[in-house]
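Student: Have a look at this one.
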Amino acid sequence: MNILINAHSIIPSSRINGPGKRIVVFFQGCARRCPGCFNPATHPFRKVYPCSPDMLFKDFLRPGTEGITVSGGDPFYQKRGLLNLLKIAKEDYGLSTVVYTGFNYEELRRSILCKSIFEFVDVLVDGRYEDSLRETTLLARGSTNQRFYFFSNNYGEEDFYMPARAEIIVGRGGTVTTTGFSKVA
């Protein structure tokens, strides 16, 4: 069963959104609307880019990709799609998985569906973005209240120290995308 996800955007190759070369999928929709959020365009619950994981990997996966990072918006508003995406990433492509969420792990683990999702997550970074607690080290998270949960032995916290806080990607046709953990003017 190939359940669609509603993506905001997809970055085929990033080195700032987790360890190694990663495909990054930003889900559309988040009710939390944290003040100072890096991705406010992902907040509205509207259709932006509905896609199946099979199509996503066919169109965006590049040679040498180590893993997939999922962010948003918040991917846990699309739990079935998230589960499907992560399962296909792991089982069909052998990718490592990192998921960022504004929910706390304690909230999520109450859900049976979330427990199934965690089976396919290597690293979960949880917690609302708090602008007053903005991360100032090179650790790949938005604010210091956000916690890392390692569900496999693939990574440790040391793997989430990034050499830079943001990445600017110039795509085909001159499209410029900024991503990472710091606002770039």
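In the structure tokens, the first chain shown is A, the next is B, and so on; residue numbers restart at 1 for each chain, and ligands run from 1 in the order shown.
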Excluding A:Phe151 and its own-chain neighbours fewer than 3 positions away, which residues fall within 9 Å of it when counting only C-alpha atoms? Please give them as a PDB file with N, CA and C atoms, in the first residue's frame.
Tutor:
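Once everything was written out, this is out.pdb:
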```
ATOM      1  N   PHE A 118       8.208   4.328  15.070  1.00  0.00           N
ATOM      2  CA  PHE A 118       9.524   4.310  15.728  1.00  0.00           C
ATOM      3  C   PHE A 118      10.358   3.088  15.325  1.00  0.00           C
ATOM      4  N   GLU A 119       9.710   2.019  14.883  1.00  0.00           N
ATOM      5  CA  GLU A 119      10.453   0.841  14.423  1.00  0.00           C
ATOM      6  C   GLU A 119      11.313   1.162  13.206  1.00  0.00           C
ATOM      7  N   PHE A 120      10.958   2.230  12.479  1.00  0.00           N
ATOM      8  CA  PHE A 120      11.667   2.600  11.252  1.00  0.00           C
ATOM      9  C   PHE A 120      12.447   3.909  11.393  1.00  0.00           C
ATOM     10  N   VAL A 121      12.613   4.388  12.631  1.00  0.00           N
ATOM     11  CA  VAL A 121      13.329   5.635  12.889  1.00  0.00           C
ATOM     12  C   VAL A 121      14.660   5.309  13.556  1.00  0.00           C
ATOM     13  N   ASP A 122      15.737   5.862  12.999  1.00  0.00           N
ATOM     14  CA  ASP A 122      17.034   5.750  13.659  1.00  0.00           C
ATOM     15  C   ASP A 122      17.177   6.818  14.731  1.00  0.00           C
ATOM     16  N   VAL A 123      16.798   8.057  14.389  1.00  0.00           N
ATOM     17  CA  VAL A 123      16.932   9.173  15.326  1.00  0.00           C
ATOM     18  C   VAL A 123      15.675  10.034  15.271  1.00  0.00           C
ATOM     19  N   LEU A 124      15.140  10.333  16.444  1.00  0.00           N
ATOM     20  CA  LEU A 124      14.015  11.256  16.587  1.00  0.00           C
ATOM     21  C   LEU A 124      14.535  12.475  17.337  1.00  0.00           C
ATOM     22  N   ASN A 154      23.046   3.286  14.675  1.00  0.00           N
ATOM     23  CA  ASN A 154      23.631   3.912  13.489  1.00  0.00           C
ATOM     24  C   ASN A 154      24.318   5.243  13.792  1.00  0.00           C
TER      25      ASN A 154
END
```
Student: Would you give me, as a VMD selection string, the residues in stretch 22-58 of chain A that DSSP reads as strand (DSSP E or B)?
Tutor: chain A and resid 22 to 27 49 to 51
Student: Grab the residues selected above and save them as a PDB file, in the first residue's frame with N, CA and C atoms.
Tutor:
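Final output, again-v1.pdb:
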```pdb
ATOM      1  N   ARG A  22      21.945  13.407   2.534  1.00  0.00           N
ATOM      2  CA  ARG A  22      20.579  13.002   2.857  1.00  0.00           C
ATOM      3  C   ARG A  22      19.574  13.647   1.915  1.00  0.00           C
ATOM      4  N   ILE A  23      18.515  12.916   1.637  1.00  0.00           N
ATOM      5  CA  ILE A  23      17.335  13.501   1.014  1.00  0.00           C
ATOM      6  C   ILE A  23      16.497  14.055   2.170  1.00  0.00           C
ATOM      7  N   VAL A  24      15.941  15.248   1.984  1.00  0.00           N
ATOM      8  CA  VAL A  24      15.182  15.886   3.053  1.00  0.00           C
ATOM      9  C   VAL A  24      13.760  16.127   2.559  1.00  0.00           C
ATOM     10  N   VAL A  25      12.790  15.672   3.345  1.00  0.00           N
ATOM     11  CA  VAL A  25      11.380  15.840   3.010  1.00  0.00           C
ATOM     12  C   VAL A  25      10.732  16.691   4.092  1.00  0.00           C
ATOM     13  N   PHE A  26      10.201  17.842   3.674  1.00  0.00           N
ATOM     14  CA  PHE A  26       9.479  18.729   4.587  1.00  0.00           C
ATOM     15  C   PHE A  26       7.988  18.482   4.389  1.00  0.00           C
ATOM     16  N   PHE A  27       7.320  17.999   5.414  1.00  0.00           N
ATOM     17  CA  PHE A  27       5.883  17.761   5.361  1.00  0.00           C
ATOM     18  C   PHE A  27       5.146  19.091   5.490  1.00  0.00           C
ATOM     19  N   TYR A  49       2.168  19.474  -2.289  1.00  0.00           N
ATOM     20  CA  TYR A  49       2.835  18.539  -3.190  1.00  0.00           C
ATOM     21  C   TYR A  49       2.512  17.110  -2.742  1.00  0.00           C
ATOM     22  N   PRO A  50       1.307  16.620  -3.067  1.00  0.00           N
ATOM     23  CA  PRO A  50       0.978  15.237  -2.710  1.00  0.00           C
ATOM     24  C   PRO A  50       1.836  14.283  -3.545  1.00  0.00           C
ATOM     25  N   CYS A  51       2.469  13.335  -2.884  1.00  0.00           N
ATOM     26  CA  CYS A  51       3.303  12.385  -3.614  1.00  0.00           C
ATOM     27  C   CYS A  51       3.374  11.063  -2.865  1.00  0.00           C
TER      28      CYS A  51
END
```
Student: Which residues, written as a list in words, have at least one atom at most 10 Å from A:Leu56, with only C-alpha atoms counted and residues fewer than 3 positions away on the same chain left out?
Tutor: Leu4, Ile5, Ala7, Ile10, Pro12, Ile23, Val25, Pro50, Cys51, Ser52, Pro53, Asp59, Phe60, Leu61 and Leu85 of chain A
Student: When you count only C-alpha atoms, which of these residues is closest to A:Leu138: A:Met162, A:Val125, A:Ile88, A:Cys34?
Tutor: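 Comparing A:Met162, A:Val125, A:Ile88, A:Cys34 against A:Leu138, the winner is A:Met162.
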Student: Between A:Phe57, A:Tyr77, A:Tyr105, A:Phe160, which is the closest to A:Tyr93 once you count only C-alpha atoms?
Tutor: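 Residue with the minimum atom-to-atom distance to A:Tyr93: A:Phe57.
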Student: Let's see if you can do this: from backbone DSSP, list all helix (DSSP H, G or I) residues in chain A, as a PyMOL selection string.
Tutor: chain A and resi 40-42+53-60+75-93+105-108+112-118+131-133+157-160+172-174
Student: Which value, in Å to one decimal, gives the distance between atom CA of A:Arg110 and atom CA of A:Gln28?
Tutor: 23.2 Å
Student: Go ahead and compute the interatomic distance for atom CA of A:Leu133 and atom CA of A:Arg33, in Å to one decimal.
Tutor: 16.0 Å
Student: Could you give me, as a list in words, the residues within 8 Å of A:Leu95, counting only C-alpha atoms and dropping anything in the same chain fewer than 6 positions from it?
Tutor: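 The filter keeps Thr65, Glu66, Gly67, Ile68 and Ala89 of chain A.
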Student: Which one is closest to A:Glu135: A:Pro75, A:Gly18, A:Lys58, A:Tyr161? Count only C-alpha atoms.
Tutor: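 Under the stated criterion, the closest residue is A:Tyr161.
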Student: Which residue out of A:Val99, A:Leu108, A:Met55, A:Leu113 has the minimum interatomic distance to A:Ala140 when only C-alpha atoms are used?
Tutor: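 Ranked by minimum distance to A:Ala140, first place goes to A:Val99.
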Student: Would you mind listing what lies within 10 Å of A:Gly73 as JSON, numbers by chain, with only C-alpha atoms counted and same-chain residues fewer than 2 positions away left out?
Tutor: {"A": [7, 8, 26, 27, 28, 29, 30, 31, 32, 33, 37, 38, 39, 40, 41, 42, 43, 44, 45, 70, 71, 75, 76, 77, 100, 101, 102]}
Student: Output C-alpha atoms for every residue in the selection just made, as a PDB file, in the first residue's frame.
Tutor:
```
ATOM      1  CA  ALA A   7       5.068  17.441   1.151  1.00  0.00           C
ATOM      2  CA  HIS A   8       5.939  21.094   1.308  1.00  0.00           C
ATOM      3  CA  PHE A  26       9.479  18.729   4.587  1.00  0.00           C
ATOM      4  CA  PHE A  27       5.883  17.761   5.361  1.00  0.00           C
ATOM      5  CA  GLN A  28       3.120  20.358   4.991  1.00  0.00           C
ATOM      6  CA  GLY A  29       0.983  21.206   8.019  1.00  0.00           C
ATOM      7  CA  CYS A  30       1.650  22.132  11.623  1.00  0.00           C
ATOM      8  CA  ALA A  31      -0.800  23.441  14.208  1.00  0.00           C
ATOM      9  CA  ARG A  32       1.905  24.425  16.683  1.00  0.00           C
ATOM     10  CA  ARG A  33       3.075  27.493  14.732  1.00  0.00           C
ATOM     11  CA  CYS A  37       9.944  28.821  13.339  1.00  0.00           C
ATOM     12  CA  PHE A  38      12.401  28.456  10.449  1.00  0.00           C
ATOM     13  CA  ASN A  39       9.690  27.062   8.140  1.00  0.00           C
ATOM     14  CA  PRO A  40       6.472  29.085   8.640  1.00  0.00           C
ATOM     15  CA  ALA A  41       5.354  28.361   5.060  1.00  0.00           C
ATOM     16  CA  THR A  42       4.906  24.709   6.121  1.00  0.00           C
ATOM     17  CA  HIS A  43       2.272  25.547   8.766  1.00  0.00           C
ATOM     18  CA  PRO A  44      -0.991  25.801   6.753  1.00  0.00           C
ATOM     19  CA  PHE A  45      -2.904  22.555   6.289  1.00  0.00           C
ATOM     20  CA  VAL A  70      11.916  14.206   7.619  1.00  0.00           C
ATOM     21  CA  SER A  71      10.837  17.550   9.026  1.00  0.00           C
ATOM     22  CA  PRO A  75       5.345  14.853   9.946  1.00  0.00           C
ATOM     23  CA  PHE A  76       3.308  13.367  12.800  1.00  0.00           C
ATOM     24  CA  TYR A  77       0.172  15.096  11.503  1.00  0.00           C
ATOM     25  CA  TYR A 100      12.204  16.091  13.516  1.00  0.00           C
ATOM     26  CA  THR A 101       8.938  16.824  15.342  1.00  0.00           C
ATOM     27  CA  GLY A 102       7.454  19.512  17.564  1.00  0.00           C
TER      28      GLY A 102
END
```
Student: Could you give me, as a VMD selection string, the residues within 10 Å of A:Thr144, counting only C-alpha atoms and dropping anything in the same chain fewer than 6 positions from it?
Tutor: chain A and resid 127 129 to 137
Student: Have a look at A:Gly36, A:Tyr155, A:Asp126, A:Arg141 and name the one nearest to A:Arg109; count only C-alpha atoms.
Tutor: A:Asp126
Student: In terms of the shortest atom-to-atom distance over only C-alpha atoms, which of A:Asp54, A:Ile3, A:Asn153, A:Thr69 is closest to A:Arg15?
Tutor: A:Thr69
Student: I'd like the interatomic distance between atom CA of A:Gly156 and atom CA of A:Ser96, to a tenth of an Å.
Tutor: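 For atom CA of A:Gly156 relative to atom CA of A:Ser96, the distance reads 12.8 Å.
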